[in-house]
>>> print(open('structure-v8.cif').read())   # mmCIF, C-alpha atoms
data_input
#
loop_
_atom_site.label_atom_id
_atom_site.label_comp_id
_atom_site.auth_asym_id
_atom_site.auth_seq_id
_atom_site.Cartn_x
_atom_site.Cartn_y
_atom_site.Cartn_z
CA GLU A 200 11.23 24.86 -24.48
CA PRO A 201 8.27 26.89 -23.13
CA SER A 202 5.10 26.49 -25.18
CA GLY A 203 3.59 29.86 -24.28
CA VAL A 204 0.47 28.10 -22.97
CA PRO A 205 -0.41 29.21 -19.42
CA TYR A 206 -0.54 26.47 -16.82
CA LYS A 207 -0.74 25.91 -13.10
CA ALA A 208 1.55 23.56 -11.22
CA LEU A 209 1.01 21.56 -8.06
CA ILE A 210 4.22 21.11 -6.11
CA PHE A 211 4.05 18.51 -3.37
CA VAL A 212 6.86 18.74 -0.83
CA MET A 213 7.21 15.79 1.49
CA LEU A 214 9.69 16.75 4.20
CA GLN A 215 9.78 13.30 5.83
CA GLY A 216 10.19 14.84 9.26
CA GLY A 217 12.94 17.19 8.14
CA ALA A 218 11.32 20.31 9.59
CA ASP A 219 9.79 21.28 12.89
CA SER A 220 6.48 22.53 11.49
CA PHE A 221 5.36 23.86 14.87
CA ASN A 222 8.18 26.39 14.60
CA MET A 223 7.45 27.20 10.95
CA LEU A 224 3.85 28.41 11.23
CA ILE A 225 2.93 29.83 14.63
CA PRO A 226 -0.24 31.40 16.06
CA HIS A 227 0.26 35.16 16.21
CA THR A 228 -2.88 37.22 16.80
CA CYS A 229 -5.95 35.34 18.00
CA SER A 230 -8.86 37.30 19.49
CA SER A 231 -10.56 34.30 21.10
CA LYS A 232 -7.56 33.41 23.28
CA ASP A 233 -3.80 33.88 23.44
CA MET A 234 -2.72 30.94 21.29
CA TYR A 235 0.82 32.30 20.97
CA LYS A 236 1.14 31.95 24.77
CA GLU A 237 -0.24 28.39 24.54
CA TYR A 238 2.28 27.62 21.80
CA SER A 239 5.11 29.16 23.82
CA ASP A 240 4.12 27.34 27.02
CA MET A 241 3.82 23.97 25.23
CA ARG A 242 7.05 24.32 23.23
CA GLY A 243 9.09 25.64 26.14
CA SER A 244 12.73 26.28 25.34
CA ILE A 245 12.36 25.35 21.65
CA ALA A 246 9.61 27.92 20.97
CA ILE A 247 10.37 31.01 18.93
CA SER A 248 10.75 33.24 21.97
CA SER A 249 10.06 36.61 20.37
CA LYS A 250 6.63 37.09 18.85
CA THR A 251 7.85 40.32 17.23
CA SER A 252 10.49 38.38 15.25
CA LEU A 253 7.84 36.33 13.44
CA LEU A 254 7.00 37.14 9.81
CA GLU A 255 3.30 37.86 10.15
CA ILE A 256 0.75 36.62 7.60
CA ASP A 257 -2.86 37.70 7.49
CA SER A 258 -5.54 35.04 7.89
CA SER A 259 -8.43 37.34 8.78
CA ASP A 260 -10.37 36.44 5.62
CA SER A 261 -10.35 32.74 6.48
CA ASP A 262 -12.14 30.56 9.01
CA GLN A 263 -8.97 30.09 11.06
CA VAL A 264 -9.08 30.64 14.80
CA CYS A 265 -6.36 33.32 14.52
CA GLU A 266 -6.50 36.56 12.57
CA SER A 267 -2.81 36.17 11.78
CA PHE A 268 -0.04 33.64 12.01
CA GLY A 269 3.69 34.11 12.14
CA MET A 270 6.26 32.34 10.04
CA HIS A 271 9.72 31.50 11.34
CA PRO A 272 12.04 34.53 10.97
CA LYS A 273 14.37 32.58 8.65
CA LEU A 274 11.57 31.77 6.18
CA SER A 275 11.62 35.17 4.46
CA ALA A 276 11.57 33.63 0.95
CA ALA A 277 8.53 31.50 1.83
CA HIS A 278 6.92 34.55 3.45
CA GLN A 279 7.31 36.50 0.21
CA LEU A 280 5.88 33.60 -1.82
CA TYR A 281 2.88 33.48 0.52
CA ASN A 282 2.31 37.23 0.25
CA ASP A 283 2.57 37.00 -3.55
CA GLY A 284 -0.11 34.27 -3.59
CA ASP A 285 2.36 31.61 -4.75
CA LEU A 286 2.42 29.50 -1.57
CA VAL A 287 -0.29 28.07 0.66
CA TRP A 288 -0.08 26.31 4.01
CA PHE A 289 -1.67 22.98 4.81
CA ALA A 290 -1.19 22.89 8.56
CA ASN A 291 -1.81 19.86 10.73
CA ALA A 292 -2.84 17.75 7.77
CA GLY A 293 -3.61 14.12 8.30
CA VAL A 294 -5.57 11.31 6.76
CA LEU A 295 -9.18 10.74 7.75
CA TYR A 296 -11.36 8.13 6.10
CA ARG A 297 -14.46 9.50 7.82
CA PRO A 298 -15.19 12.30 10.30
CA VAL A 299 -14.08 11.56 13.84
CA ASP A 300 -13.82 13.51 17.08
CA LYS A 301 -11.74 13.13 20.22
CA ASN A 302 -14.26 10.65 21.66
CA ASN A 303 -14.35 8.19 18.77
CA TYR A 304 -11.12 8.58 16.80
CA LYS A 305 -9.59 5.38 18.14
CA LYS A 306 -12.49 3.36 16.73
CA GLY A 307 -13.22 5.51 13.68
CA ALA A 308 -9.73 6.03 12.31
CA LYS A 309 -8.01 3.39 10.19
CA SER A 310 -4.53 4.78 10.83
CA ALA A 311 -2.59 6.18 13.76
CA LEU A 312 -3.63 9.85 13.55
CA PHE A 313 -0.94 11.15 15.88
CA ALA A 314 1.97 9.08 14.56
CA HIS A 315 4.23 10.97 12.19
CA ASN A 316 5.47 7.85 10.36
CA SER A 317 1.94 6.53 9.88
CA MET A 318 0.66 9.84 8.48
CA GLN A 319 3.60 10.04 6.04
CA ARG A 320 2.83 6.55 4.74
CA GLU A 321 -0.90 7.30 4.48
CA VAL A 322 -0.55 10.64 2.68
CA GLN A 323 1.63 8.96 0.06
CA ARG A 324 -0.87 6.20 -0.68
CA ILE A 325 -4.21 7.71 0.39
CA ASP A 326 -7.13 5.94 -1.19
CA PRO A 327 -10.11 5.84 1.19
CA ASP A 328 -12.24 3.90 -1.26
CA LYS A 329 -9.48 1.35 -1.97
CA THR A 330 -10.16 1.63 -5.72
CA ASP A 331 -6.50 1.95 -6.70
CA VAL A 332 -4.70 0.36 -3.80
CA GLU A 333 -1.17 1.64 -3.16
CA THR A 334 -1.03 3.86 -6.27
CA GLY A 335 -0.48 7.06 -4.31
CA VAL A 336 -2.35 10.34 -4.46
CA LEU A 337 0.13 11.97 -6.85
CA GLY A 338 0.16 8.96 -9.17
CA ARG A 339 -3.63 8.99 -9.43
CA LEU A 340 -3.65 12.77 -9.92
CA SER A 341 -1.14 12.41 -12.76
CA ASP A 342 -3.21 9.64 -14.36
CA ALA A 343 -6.38 11.77 -14.15
CA LEU A 344 -4.69 14.79 -15.72
CA ILE A 345 -3.16 12.74 -18.53
CA SER A 346 -6.52 11.13 -19.33
CA GLN A 347 -8.06 14.60 -19.83
CA GLN A 348 -5.58 15.61 -22.53
#
>>> encode(input="structure-v8.cif", output="C-alpha coordinates")
Amino acid sequence: EPSGVPYKALIFVMLQGGADSFNMLIPHTCSSKDMYKEYSDMRGSIAISSKTSLLEIDSSDSDQVCESFGMHPKLSAAHQLYNDGDLVWFANAGVLYRPVDKNNYKKGAKSALFAHNSMQREVQRIDPDKTDVETGVLGRLSDALISQQ
(Lines of atoms letter the chains of each structure in order from A and count residues from 1; the text may use other names and numbers.)
(Lines give C-alpha, C1' and ligand atoms only; values in the text may rest on other atoms or scores of the structure.)
Protein backbone atom coordinates (compact mmCIF):
# COMPACT_ATOMS: atom_id res chain seq x y z
CA GLU A 1 0.00 0.00 0.00
CA PRO A 2 1.56 3.36 -1.02
CA SER A 3 2.35 5.61 1.94
CA GLY A 4 2.09 8.89 0.04
CA VAL A 5 5.65 9.77 1.08
CA PRO A 6 7.82 10.74 -1.91
CA TYR A 7 10.91 8.64 -2.46
CA LYS A 8 13.63 7.95 -4.96
CA ALA A 9 14.66 4.47 -6.03
CA LEU A 10 17.96 3.11 -7.24
CA ILE A 11 17.52 0.26 -9.68
CA PHE A 12 20.65 -1.73 -10.38
CA VAL A 13 20.46 -3.90 -13.49
CA MET A 14 23.21 -6.45 -13.88
CA LEU A 15 22.94 -7.90 -17.38
CA GLN A 16 25.66 -10.52 -16.87
CA GLY A 17 26.77 -10.18 -20.47
CA GLY A 18 23.24 -10.41 -21.83
CA ALA A 19 23.51 -7.28 -23.98
CA ASP A 20 25.98 -5.91 -26.48
CA SER A 21 26.43 -2.51 -24.84
CA PHE A 22 28.52 -1.21 -27.73
CA ASN A 23 25.38 -1.47 -29.86
CA MET A 24 23.13 0.05 -27.20
CA LEU A 25 24.82 3.44 -26.73
CA ILE A 26 26.75 4.66 -29.76
CA PRO A 27 28.71 7.84 -30.52
CA HIS A 28 26.59 10.03 -32.77
CA THR A 29 27.76 13.63 -33.15
CA CYS A 30 31.28 14.41 -31.98
CA SER A 31 32.93 17.66 -33.09
CA SER A 32 36.48 16.64 -32.16
CA LYS A 33 36.52 13.60 -34.47
CA ASP A 34 34.15 11.20 -36.21
CA MET A 35 33.67 8.68 -33.42
CA TYR A 36 30.69 7.10 -35.18
CA LYS A 37 33.04 6.17 -38.04
CA GLU A 38 35.54 4.76 -35.52
CA TYR A 39 32.74 2.74 -33.92
CA SER A 40 31.53 1.52 -37.31
CA ASP A 41 35.05 0.61 -38.47
CA MET A 42 35.83 -1.27 -35.23
CA ARG A 43 32.50 -3.11 -35.05
CA GLY A 44 32.43 -4.02 -38.72
CA SER A 45 29.45 -6.10 -39.77
CA ILE A 46 27.84 -6.04 -36.30
CA ALA A 47 27.73 -2.22 -36.10
CA ILE A 48 24.43 -0.40 -36.42
CA SER A 49 24.96 0.49 -40.06
CA SER A 50 22.64 3.48 -40.32
CA LYS A 51 23.48 6.46 -38.15
CA THR A 52 20.10 7.98 -39.02
CA SER A 53 18.30 5.00 -37.45
CA LEU A 54 19.78 5.72 -34.01
CA LEU A 55 17.61 7.31 -31.32
CA GLU A 56 19.63 10.43 -30.60
CA ILE A 57 20.18 11.72 -27.07
CA ASP A 58 21.70 15.07 -26.22
CA SER A 59 24.89 15.12 -24.17
CA SER A 60 25.98 18.67 -24.99
CA ASP A 61 25.62 19.83 -21.38
CA SER A 62 28.04 17.17 -20.13
CA ASP A 63 31.79 16.67 -20.30
CA GLN A 64 31.43 13.82 -22.79
CA VAL A 65 33.55 13.82 -25.93
CA CYS A 66 30.40 13.74 -28.09
CA GLU A 67 27.60 16.30 -28.22
CA SER A 68 25.13 13.47 -28.75
CA PHE A 69 24.92 9.71 -28.63
CA GLY A 70 22.56 7.34 -30.34
CA MET A 71 20.64 4.53 -28.74
CA HIS A 72 19.83 1.32 -30.57
CA PRO A 73 16.68 1.77 -32.70
CA LYS A 74 14.86 -0.96 -30.75
CA LEU A 75 15.38 0.79 -27.39
CA SER A 76 12.54 3.29 -27.85
CA ALA A 77 11.16 2.69 -24.32
CA ALA A 78 14.61 3.32 -22.79
CA HIS A 79 15.01 6.36 -25.03
CA GLN A 80 11.76 7.81 -23.69
CA LEU A 81 12.82 7.10 -20.09
CA TYR A 82 16.12 8.89 -20.73
CA ASN A 83 14.37 11.90 -22.27
CA ASP A 84 11.96 12.01 -19.31
CA GLY A 85 14.91 12.08 -16.88
CA ASP A 86 14.10 8.62 -15.51
CA LEU A 87 17.12 6.75 -16.89
CA VAL A 88 20.85 7.45 -16.88
CA TRP A 89 23.71 5.70 -18.63
CA PHE A 90 26.86 4.46 -16.93
CA ALA A 91 28.96 3.60 -19.96
CA ASN A 92 32.23 1.71 -19.83
CA ALA A 93 32.07 1.37 -16.08
CA GLY A 94 34.71 -0.63 -14.32
CA VAL A 95 36.34 -0.97 -10.96
CA LEU A 96 39.39 1.12 -10.11
CA TYR A 97 40.98 1.10 -6.68
CA ARG A 98 43.19 4.06 -7.59
CA PRO A 99 43.73 6.21 -10.69
CA VAL A 100 45.66 4.47 -13.44
CA ASP A 101 46.53 5.23 -17.05
CA LYS A 102 47.45 3.10 -20.04
CA ASN A 103 51.11 3.04 -18.95
CA ASN A 104 50.61 1.77 -15.40
CA TYR A 105 47.28 -0.05 -15.26
CA LYS A 106 48.85 -3.51 -15.19
CA LYS A 107 50.72 -2.63 -12.00
CA GLY A 108 48.14 -0.27 -10.49
CA ALA A 109 44.96 -2.25 -10.98
CA LYS A 110 43.98 -5.04 -8.60
CA SER A 111 41.61 -6.67 -11.08
CA ALA A 112 41.57 -7.45 -14.79
CA LEU A 113 40.17 -4.18 -16.15
CA PHE A 114 39.37 -5.50 -19.60
CA ALA A 115 37.89 -8.85 -18.57
CA HIS A 116 34.10 -8.90 -18.55
CA ASN A 117 33.83 -11.70 -15.97
CA SER A 118 36.29 -10.01 -13.63
CA MET A 119 34.48 -6.66 -13.79
CA GLN A 120 31.12 -8.34 -13.09
CA ARG A 121 32.54 -10.01 -9.99
CA GLU A 122 34.21 -6.79 -8.82
CA VAL A 123 31.17 -4.54 -9.29
CA GLN A 124 29.11 -6.94 -7.18
CA ARG A 125 31.54 -6.94 -4.27
CA ILE A 126 33.41 -3.64 -4.66
CA ASP A 127 35.06 -2.56 -1.46
CA PRO A 128 38.34 -0.77 -2.15
CA ASP A 129 39.07 -0.28 1.52
CA LYS A 130 38.30 -3.92 2.39
CA THR A 131 36.23 -2.78 5.39
CA ASP A 132 33.28 -5.07 4.65
CA VAL A 133 34.84 -7.81 2.57
CA GLU A 134 32.50 -9.54 0.13
CA THR A 135 29.34 -7.75 1.33
CA GLY A 136 28.60 -6.20 -2.05
CA VAL A 137 27.93 -2.59 -2.96
CA LEU A 138 24.15 -2.96 -2.86
CA GLY A 139 24.23 -4.77 0.48
CA ARG A 140 26.28 -1.99 2.05
CA LEU A 141 24.05 0.67 0.47
CA SER A 142 20.99 -1.04 1.93
CA ASP A 143 22.63 -1.26 5.37
CA ALA A 144 23.54 2.46 5.26
CA LEU A 145 20.02 3.49 4.28
CA ILE A 146 18.42 1.33 6.96
CA SER A 147 20.73 2.74 9.64
CA GLN A 148 19.55 6.28 8.78
CA GLN A 149 15.89 5.52 9.44
>>> atom_distance(input="structure-v8.cif", atom1="atom CA of Lys306 of chain A", atom2="atom CA of Met318 of chain A")
16.8 Å
>>> resolve_selection(input="structure-v8.cif", expression="the PyMOL selection byres ((chain A and resi 272) around 6)", output="list of chain:residue names")
A:Ser252, A:Leu253, A:Leu254, A:His271, A:Lys273, A:Leu274
>>> resolve_selection(input="structure-v8.cif", expression="the PyMOL selection byres ((chain A and resi 231-242) around 10)", output="list in words")
Phe221, Asn222, Ile225, Pro226, His227, Thr228, Cys229, Ser230, Gly243, Ser244, Ile245, Ala246, Ile247, Ser248, Ser249, Lys250, Val264, Cys265, Glu266, Phe268 and Gly269 of chain A
>>> atom_distance(input="structure-v8.cif", atom1="atom CA of Ser261 of chain A", atom2="atom CA of Ser220 of chain A")
20.3 Å
>>> atom_distance(input="structure-v8.cif", atom1="atom CA of Ser310 of chain A", atom2="atom CA of Val294 of chain A")
7.8 Å
>>> closest_residue(input="structure-v8.cif", among="A:Leu280, A:Leu312, A:Ile345, A:Val322", to="Met213 of chain A", atoms="only C-alpha atoms")
A:Val322
>>> residues_near_point(input="structure-v8.cif", point="(-2.8, 13.0, -9.1)", cutoff="12 Å", atoms="only C-alpha atoms", output="list of chain:residue names")
A:Ala208, A:Leu209, A:Ile210, A:Phe211, A:Gln323, A:Arg324, A:Ile325, A:Asp326, A:Asp331, A:Thr334, A:Gly335, A:Val336, A:Leu337, A:Gly338, A:Arg339, A:Leu340, A:Ser341, A:Asp342, A:Ala343, A:Leu344, A:Ile345, A:Ser346
>>> build_atoms(input="structure-v8.cif", residues="segment 295-306 of chain A", atoms="all heavy atoms", output="CSV table (one decimal), in the frame of the given file")
chain,number,residue,atom,x,y,z
A,295,LEU,N,-7.9,11.2,7.1
A,295,LEU,CA,-9.2,10.7,7.8
A,295,LEU,C,-10.0,10.0,6.7
A,295,LEU,O,-10.2,10.5,5.6
A,295,LEU,CB,-10.0,11.9,8.3
A,295,LEU,CG,-9.5,12.5,9.6
A,295,LEU,CD1,-10.4,13.7,10.0
A,295,LEU,CD2,-9.4,11.5,10.7
A,296,TYR,N,-10.5,8.9,7.0
A,296,TYR,CA,-11.4,8.1,6.1
A,296,TYR,C,-12.8,8.5,6.3
A,296,TYR,O,-13.7,8.2,5.5
A,296,TYR,CB,-11.1,6.6,6.3
A,296,TYR,CG,-9.7,6.2,5.8
A,296,TYR,CD1,-8.7,6.2,6.7
A,296,TYR,CD2,-9.5,6.0,4.5
A,296,TYR,CE1,-7.4,5.8,6.3
A,296,TYR,CE2,-8.2,5.6,4.1
A,296,TYR,CZ,-7.2,5.6,5.0
A,296,TYR,OH,-5.9,5.2,4.6
A,297,ARG,N,-13.1,9.0,7.5
A,297,ARG,CA,-14.5,9.5,7.8
A,297,ARG,C,-14.3,10.5,9.0
A,297,ARG,O,-13.3,10.4,9.7
A,297,ARG,CB,-15.4,8.4,8.2
A,297,ARG,CG,-15.0,7.6,9.4
A,297,ARG,CD,-16.1,6.5,9.7
A,297,ARG,NE,-15.6,5.3,10.2
A,297,ARG,CZ,-14.9,4.3,9.7
A,297,ARG,NH1,-14.5,4.4,8.5
A,297,ARG,NH2,-14.6,3.2,10.3
A,298,PRO,N,-15.3,11.3,9.2
A,298,PRO,CA,-15.2,12.3,10.3
A,298,PRO,C,-15.1,11.6,11.7
A,298,PRO,O,-15.8,10.6,11.9
A,298,PRO,CB,-16.5,13.1,10.2
A,298,PRO,CG,-16.9,12.9,8.8
A,298,PRO,CD,-16.5,11.5,8.4
A,299,VAL,N,-14.2,12.1,12.5
A,299,VAL,CA,-14.1,11.6,13.8
A,299,VAL,C,-13.9,12.7,14.8
A,299,VAL,O,-13.6,13.9,14.4
A,299,VAL,CB,-12.9,10.6,14.0
A,299,VAL,CG1,-13.0,9.4,13.1
A,299,VAL,CG2,-11.6,11.3,13.6
A,300,ASP,N,-14.1,12.5,16.1
A,300,ASP,CA,-13.8,13.5,17.1
A,300,ASP,C,-13.0,12.9,18.2
A,300,ASP,O,-12.6,11.7,18.1
A,300,ASP,CB,-15.1,14.1,17.6
A,300,ASP,CG,-16.0,13.1,18.3
A,300,ASP,OD1,-15.5,12.1,18.8
A,300,ASP,OD2,-17.2,13.3,18.3
A,301,LYS,N,-12.7,13.6,19.2
A,301,LYS,CA,-11.7,13.1,20.2
A,301,LYS,C,-12.3,12.0,21.0
A,301,LYS,O,-11.6,11.2,21.7
A,301,LYS,CB,-11.3,14.2,21.1
A,301,LYS,CG,-12.3,14.8,22.0
A,301,LYS,CD,-11.8,16.0,22.9
A,301,LYS,CE,-12.8,16.6,23.8
A,301,LYS,NZ,-12.2,17.6,24.6
A,302,ASN,N,-13.6,11.8,20.9
A,302,ASN,CA,-14.3,10.6,21.7
A,302,ASN,C,-14.3,9.3,20.9
A,302,ASN,O,-14.4,8.3,21.5
A,302,ASN,CB,-15.7,11.0,22.1
A,302,ASN,CG,-15.7,12.2,23.0
A,302,ASN,OD1,-15.0,12.2,24.0
A,302,ASN,ND2,-16.6,13.2,22.7
A,303,ASN,N,-14.2,9.4,19.5
A,303,ASN,CA,-14.4,8.2,18.8
A,303,ASN,C,-13.2,7.9,17.8
A,303,ASN,O,-13.3,7.0,17.0
A,303,ASN,CB,-15.7,8.2,18.0
A,303,ASN,CG,-15.8,9.2,16.9
A,303,ASN,OD1,-14.8,9.9,16.6
A,303,ASN,ND2,-16.9,9.3,16.3
A,304,TYR,N,-12.1,8.7,17.8
A,304,TYR,CA,-11.1,8.6,16.8
A,304,TYR,C,-10.4,7.2,16.9
A,304,TYR,O,-10.0,6.7,15.8
A,304,TYR,CB,-10.1,9.7,16.8
A,304,TYR,CG,-9.1,9.7,17.9
A,304,TYR,CD1,-7.9,9.0,17.7
A,304,TYR,CD2,-9.3,10.3,19.1
A,304,TYR,CE1,-7.0,8.9,18.7
A,304,TYR,CE2,-8.4,10.3,20.1
A,304,TYR,CZ,-7.2,9.6,19.9
A,304,TYR,OH,-6.3,9.5,20.9
A,305,LYS,N,-10.3,6.7,18.1
A,305,LYS,CA,-9.6,5.4,18.1
A,305,LYS,C,-10.4,4.3,17.4
A,305,LYS,O,-9.8,3.4,16.8
A,305,LYS,CB,-9.3,5.0,19.6
A,305,LYS,CG,-8.3,5.8,20.2
A,305,LYS,CD,-8.0,5.4,21.6
A,305,LYS,CE,-6.9,6.2,22.2
A,305,LYS,NZ,-6.6,5.9,23.6
A,306,LYS,N,-11.7,4.4,17.4
A,306,LYS,CA,-12.5,3.4,16.7
A,306,LYS,C,-12.7,3.8,15.3
A,306,LYS,O,-12.9,2.9,14.4
A,306,LYS,CB,-13.8,3.2,17.5
A,306,LYS,CG,-13.7,2.5,18.8
A,306,LYS,CD,-15.1,2.3,19.4
A,306,LYS,CE,-15.0,1.7,20.8
A,306,LYS,NZ,-16.3,1.6,21.4
